[in-house]
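Below is one structure, written out as structure tokens; comments come after it.
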Amino acid sequence: MLFSSSYTAHGASSPWSEEEFSRVRLVTGQETLGEAGKVMLGLQFELKEGWKTYWRSPGDAGFPVSLDLTGSDNLESWQFYWPVPHRFTLFGLQTFGYSKEVVFPFEIQAKDPQKDVILRGTASYLLCKEICIPFDAEVTIRLPAGEAFPSLEAGLVDTYVRQVPGLGAETELDVTDSFLEGSGEDMVLKVYGSAMGHGFQKPDVIVEGPPGFSFSAPEVVLLENGSKAEFTIPVSTHKETKGVLEGKQITLSLVDGTKGAELKTVSRYKDTSGDKSSGLFAFVPIFGLALLGGFILNLMPCVLPVLSLKLMSVIKHEQGNHHGVRKSFLATSLGILTSFWILAAAASLLKVAGFSVGWGIQFQQPLFLIAMSGIVSLFAANLFGWFEFLAPGGVVNRAVTASEKQGISGDFLKGMFATLLATPCSAPFLGTAVGFALSRGTWEIFAIFTFLGVGMSLPYLVVAAKPKLASFLPKPGTWMIWLKSVLGLLLLGTVVWLLSVLLVQIGWLATALVAVLLILGMIALAVKSLAIGKRAIVVSFLAILSLAVPYKFSASSEKVPAADYWTPFDQAEIVAEVTQGNVVFVDVTADWCITCQVNKKLVLEKDEVLALLLDDNVVPMQADWTLPSDTITAYLESYNRYGIPFNIIYGPGAPEGIVLSELLTIDEVLSAFGQASKQ
């Protein structure tokens, strides 16, 4: 429905754009532009009892109010603001918006303050009660140039400006802390807030998060005579979402009546570094994995030479003082541990600084998946012997020099350099342990990295305990060739898995192109007749191309139907099906329609109704009105309907159709099916 007017208001407000259930107009806080040409106005709504419209994040259904002023004269820019919303709950569906009256403040800037501004805009909004109806209202107002002075509506505009977080609504309210607890179906978001003055009355927290996550209404506990509040918000993950919430940006809106504070933050688990009773036993499995992963590093080609070098030192001193040998190996172990503690400190500082360092988080990014596929492919090529990935010569020389030095300091440095040389080999084998550590607090990071260091130190610690065991430890030999090949194949399997994850995000074509570029890079590395510098240039060029693929060839997101038994709406086909004796059920729906979602959840997906929809003599048709459709609009108008949901059943017994209630019941649907199917 569209209200239009050629009249341009001059004064404190524009004419009302009136509909059956609502009316809309512009109001201004100033009669004239003033010297700066900046004016605060408002888009005012008055709604009839029971009707509501929507906030910037509508929730489970609906779409937000919008104002388009692109057709205005002498308008440089405008900024639209959102007053504090309210939560509405219907059949478990959560939506956020406004009822009765609301004014959306917006600030304009004139191109030339010495000239009049004529605002011409279209306000698009959705009204919902038992049904949902979209509207477009045309509004216009003139703001003449001149010295600024308040208008008669200045008080109304100022009232709602003070209800905008950041413009005054945050007075006396503050979000003091937030963190995640639990995982999977048991995940919750804890939010803590404080209120000065008279304390909280009926506080609420609205969470805006990334796609694929839903946040239920909070359980609220008032503390300290209402001056503080704890909010426990259940978090659910959509079935198609395979990501993690930790590390993603969320917006928390703490509201209480007309007051509201807003905080943009990154969702993280609580740092329990100071909590001595935080369930140490729950970390035993991950500690074991870290211990094993650290030990496996000693078998990698980049580390084994350092270990062998140390063992040769033992053999050289076999007739010497075993006490001195023990001290030597303990010093090397301490060097390894020190290196891992340095890595843990670096990771903790990154988290404190607000950087995202978790692996699970990065796997949600196509560029990260492509980069990881390339890096793991390089590891595989290295293990196949196609090129050597060595630390700088100076580093190796220092390690060798250190090994030849007598005394504790040389052994300590040897341990640190062993860890340095292990770093390129760590990712494929330690991703789980490291990823878990980085998703937690400081003490978990240090604990897990300590176990990594202990695991890598195990051969040295064993030899320190029993120096004669050194002769039984593995030495370089032909078995390493087989080990490298097996590990290389395992890494290629990892690449295949990474590409399968990428496929979900960017589609078949883009993923196939990335795979081809990876294969070409592997082939380039395998051509040993080509100088390593030239091979590096080719691989670098292919890497740049692969990172550009998602921007050019990524498949656009398409809505996947929840069920494949629905056929697209075709009004002409209805008559043909009924003539053949079939029953046709038409469902006019939309993603933003609350009642449509309720009908689907409580009626259409129930076994009794679903069995009828799947019957061979029934044709379920769905008309999706999420986006504008002249065909669907005309169809609704033919039944004097201008909102949805709209459901109708045709059949031999009801060729003109049986129109159902907006809020369906199973008994009503079954009864209509029975009547329509009569011959």
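Within each chain, counting starts at residue 1; across the structure tokens, chains are named A, B, ... in the order shown, with ligands numbered 1 upward in that order.
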Closest atom pairs, residues of segment 45-158 of chain A within 12 Å of segment 646-656 of chain A, only C-alpha atoms, as a Markdown table:
| residue | atom | partner | partner_atom | distance |
| --- | --- | --- | --- | --- |
| A:Glu130 | CA | A:Phe646 | CA | 11.1 |
| A:Ile131 | CA | A:Phe646 | CA | 8.7 |
| A:Cys132 | CA | A:Phe646 | CA | 10.1 |
| A:Ile133 | CA | A:Phe646 | CA | 11.4 |
Write out as JSON lines the residues of segment 537-597 of chain A that have any atom within 10 Å of an atom of segment 505-517 of chain A, one row each with the nearest atom pair and its distance in Å to one decimal, counting only C-alpha atoms, sorted by chain and then rising number.
{"residue": "A:Val539", "atom": "CA", "partner": "A:Leu517", "partner_atom": "CA", "distance": 9.1}
{"residue": "A:Phe541", "atom": "CA", "partner": "A:Leu517", "partner_atom": "CA", "distance": 9.8}
{"residue": "A:Leu542", "atom": "CA", "partner": "A:Leu517", "partner_atom": "CA", "distance": 6.0}
{"residue": "A:Ala543", "atom": "CA", "partner": "A:Leu517", "partner_atom": "CA", "distance": 7.6}
{"residue": "A:Ile544", "atom": "CA", "partner": "A:Leu517", "partner_atom": "CA", "distance": 9.9}
{"residue": "A:Leu545", "atom": "CA", "partner": "A:Leu517", "partner_atom": "CA", "distance": 7.8}
{"residue": "A:Ser546", "atom": "CA", "partner": "A:Val514", "partner_atom": "CA", "distance": 5.3}
{"residue": "A:Leu547", "atom": "CA", "partner": "A:Val514", "partner_atom": "CA", "distance": 8.2}
{"residue": "A:Ala548", "atom": "CA", "partner": "A:Val514", "partner_atom": "CA", "distance": 9.5}
{"residue": "A:Val549", "atom": "CA", "partner": "A:Ala510", "partner_atom": "CA", "distance": 6.1}
{"residue": "A:Pro550", "atom": "CA", "partner": "A:Ala510", "partner_atom": "CA", "distance": 6.3}
{"residue": "A:Tyr551", "atom": "CA", "partner": "A:Ala510", "partner_atom": "CA", "distance": 9.3}
{"residue": "A:Lys552", "atom": "CA", "partner": "A:Ala510", "partner_atom": "CA", "distance": 8.3}
{"residue": "A:Phe553", "atom": "CA", "partner": "A:Ala510", "partner_atom": "CA", "distance": 5.2}
{"residue": "A:Ser554", "atom": "CA", "partner": "A:Ile506", "partner_atom": "CA", "distance": 4.6}
{"residue": "A:Ala555", "atom": "CA", "partner": "A:Gly507", "partner_atom": "CA", "distance": 5.1}
{"residue": "A:Ser556", "atom": "CA", "partner": "A:Ile506", "partner_atom": "CA", "distance": 7.9}
{"residue": "A:Ser557", "atom": "CA", "partner": "A:Ile506", "partner_atom": "CA", "distance": 8.6}
Please produce a file of the residues just selected, as a short mmCIF file (atom, residue, chain, number, x, y, z; two decimals), in the first residue's frame, where the atoms kept are C-alpha atoms.
data_model
loop_
_atom_site.label_atom_id
_atom_site.label_comp_id
_atom_site.auth_asym_id
_atom_site.auth_seq_id
_atom_site.Cartn_x
_atom_site.Cartn_y
_atom_site.Cartn_z
CA VAL A 539 54.07 -20.64 -6.39
CA PHE A 541 51.86 -15.99 -8.17
CA LEU A 542 49.50 -18.98 -7.97
CA ALA A 543 48.90 -18.24 -4.27
CA ILE A 544 47.84 -14.67 -5.07
CA LEU A 545 45.47 -15.94 -7.77
CA SER A 546 43.89 -18.47 -5.40
CA LEU A 547 43.24 -15.79 -2.78
CA ALA A 548 41.49 -13.68 -5.43
CA VAL A 549 39.17 -16.50 -6.51
CA PRO A 550 36.40 -15.92 -3.90
CA TYR A 551 36.03 -12.28 -4.91
CA LYS A 552 35.38 -13.15 -8.54
CA PHE A 553 33.86 -16.61 -8.67
CA SER A 554 32.17 -17.18 -5.31
CA ALA A 555 28.63 -18.47 -5.74
CA SER A 556 25.89 -16.16 -4.51
CA SER A 557 23.98 -17.37 -1.49
#
Backbone DSSP call of alpha helix (DSSP H) for segment 523-613 of chain A, listed as a count of residues only = 48
From the set A:Phe569, A:Leu502, A:Ser671, A:Gly294, which residue has the shortest atom-to-atom contact distance to Ser629 of chain A, counting only C-alpha atoms?
->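 The shortest atom-to-atom distance to Ser629 of chain A comes from A:Phe569.
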Neighbour list for segment 229-232 of chain A as a ChimeraX atom specification, cut-off 12 Å, only C-alpha atoms, skip fewer than 4 positions in-chain = /A:173-182,186-196,199-207,215-225,252-256
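Pairwise distance (atom CA of Asp667 of chain A, atom CA of Lys52 of chain A) equals 28.9 Å.
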Would you give me, as a ChimeraX atom specification, the residues in segment 164-279 of chain A that DSSP reads as strand (DSSP E)?
-> /A:173-181,188-195,204-208,213-215,219-223,228-237,249-256,259-266
With a distance cut-off of 6 Å and only C-alpha atoms, select the neighbouring residues of segment 328-342 of chain A, excluding the residue or stretch itself and same-chain residues fewer than 2 positions from it, and output the selection as a list in words.
->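 Listed by chain and then number, they are Val325, Arg326, Ala344, Ala345, Ile408, Asp411, Phe412, Gly415, Met416, Thr419, Phe449, Gly453, Ser457, Tyr460 and Ala464 of chain A.
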Just N, CA and C atoms for this one: save the residues we selected as a JSON list (two decimals), in the first residue's frame.
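Below is the file result.json, written as the result:
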[["chain", "number", "residue", "atom", "x", "y", "z"],
["A", 325, "VAL", "N", 75.73, -35.51, 32.40],
["A", 325, "VAL", "CA", 74.85, -35.76, 31.25],
["A", 325, "VAL", "C", 73.40, -35.47, 31.63],
["A", 326, "ARG", "N", 73.01, -35.88, 32.84],
["A", 326, "ARG", "CA", 71.64, -35.64, 33.29],
["A", 326, "ARG", "C", 71.35, -34.14, 33.35],
["A", 344, "ALA", "N", 53.28, -18.97, 24.49],
["A", 344, "ALA", "CA", 52.04, -18.82, 25.25],
["A", 344, "ALA", "C", 51.83, -17.36, 25.65],
["A", 345, "ALA", "N", 52.90, -16.70, 26.07],
["A", 345, "ALA", "CA", 52.78, -15.29, 26.45],
["A", 345, "ALA", "C", 52.36, -14.44, 25.26],
["A", 408, "ILE", "N", 75.83, -25.60, 30.87],
["A", 408, "ILE", "CA", 74.37, -25.56, 30.91],
["A", 408, "ILE", "C", 73.81, -24.58, 29.88],
["A", 411, "ASP", "N", 73.40, -26.09, 26.42],
["A", 411, "ASP", "CA", 72.30, -27.07, 26.36],
["A", 411, "ASP", "C", 70.94, -26.37, 26.39],
["A", 412, "PHE", "N", 70.83, -25.28, 27.16],
["A", 412, "PHE", "CA", 69.58, -24.52, 27.22],
["A", 412, "PHE", "C", 69.25, -23.92, 25.85],
["A", 415, "GLY", "N", 67.90, -26.43, 23.38],
["A", 415, "GLY", "CA", 66.48, -26.71, 23.54],
["A", 415, "GLY", "C", 65.61, -25.65, 22.91],
["A", 416, "MET", "N", 65.99, -24.38, 23.06],
["A", 416, "MET", "CA", 65.21, -23.30, 22.47],
["A", 416, "MET", "C", 65.22, -23.39, 20.95],
["A", 419, "THR", "N", 62.94, -26.07, 19.52],
["A", 419, "THR", "CA", 61.56, -25.61, 19.41],
["A", 419, "THR", "C", 61.37, -24.72, 18.20],
["A", 449, "PHE", "N", 50.31, -25.15, 26.55],
["A", 449, "PHE", "CA", 51.62, -24.97, 25.94],
["A", 449, "PHE", "C", 52.72, -25.61, 26.80],
["A", 453, "GLY", "N", 55.36, -28.45, 25.58],
["A", 453, "GLY", "CA", 56.79, -28.42, 25.83],
["A", 453, "GLY", "C", 57.28, -29.67, 26.52],
["A", 457, "SER", "N", 59.87, -32.48, 25.23],
["A", 457, "SER", "CA", 61.05, -32.72, 26.07],
["A", 457, "SER", "C", 61.16, -34.18, 26.52],
["A", 460, "TYR", "N", 64.37, -36.15, 25.97],
["A", 460, "TYR", "CA", 65.47, -35.61, 26.75],
["A", 460, "TYR", "C", 65.31, -35.96, 28.23],
["A", 464, "ALA", "N", 67.70, -38.15, 30.50],
["A", 464, "ALA", "CA", 68.22, -37.58, 31.74],
["A", 464, "ALA", "C", 68.03, -38.54, 32.90]]
Of the candidates A:Thr265, A:Ser99, A:Ser151, A:Gln679, which shows the shortest atom-to-atom distance to Leu41 of chain A, using only C-alpha atoms?
-> A:Ser151
Excluding Gln109 of chain A and its own-chain neighbours fewer than 4 positions away, which residues fall within 12 Å of it when counting only C-alpha atoms? Please give them as a PDB file with C-alpha atoms, in the first residue's frame.
ATOM      1  CA  LEU A  33      18.374  25.241   8.929  1.00  0.00           C
ATOM      2  CA  GLY A  34      20.570  27.522  10.980  1.00  0.00           C
ATOM      3  CA  GLU A  35      24.119  28.566  10.187  1.00  0.00           C
ATOM      4  CA  ALA A  36      25.566  25.021  10.167  1.00  0.00           C
ATOM      5  CA  GLY A  37      22.758  23.524   8.066  1.00  0.00           C
ATOM      6  CA  LYS A  38      22.455  20.566  10.451  1.00  0.00           C
ATOM      7  CA  VAL A  39      19.006  19.657  11.826  1.00  0.00           C
ATOM      8  CA  MET A  40      17.621  16.788  13.911  1.00  0.00           C
ATOM      9  CA  LEU A  41      14.257  15.515  12.683  1.00  0.00           C
ATOM     10  CA  SER A  72      15.585  15.365  -1.732  1.00  0.00           C
ATOM     11  CA  ASP A  73      16.894  18.812  -2.728  1.00  0.00           C
ATOM     12  CA  ASN A  74      20.043  20.387  -1.222  1.00  0.00           C
ATOM     13  CA  LEU A  75      20.636  17.354   1.020  1.00  0.00           C
ATOM     14  CA  GLU A  76      24.270  16.369   1.644  1.00  0.00           C
ATOM     15  CA  SER A  77      23.743  13.430   4.023  1.00  0.00           C
ATOM     16  CA  TRP A  78      21.510  11.979   6.709  1.00  0.00           C
ATOM     17  CA  GLN A  79      21.981   9.670   9.696  1.00  0.00           C
ATOM     18  CA  PRO A 113      22.979  26.126   4.511  1.00  0.00           C
ATOM     19  CA  LYS A 115      19.440  27.492   0.599  1.00  0.00           C
ATOM     20  CA  ASP A 116      16.229  25.666   1.525  1.00  0.00           C
ATOM     21  CA  VAL A 117      16.234  21.904   1.970  1.00  0.00           C
ATOM     22  CA  ILE A 118      13.286  19.956   0.606  1.00  0.00           C
ATOM     23  CA  LEU A 119      13.103  16.427   1.988  1.00  0.00           C
ATOM     24  CA  LEU A 143      13.307  23.365   5.855  1.00  0.00           C
TER      25      LEU A 143
END
Would you mind listing what lies within 10 Å of Leu612 of chain A as a ChimeraX atom specification, with only C-alpha atoms counted and same-chain residues fewer than 6 positions away left out?
-> /A:583,585,604,618-620,669-670,673
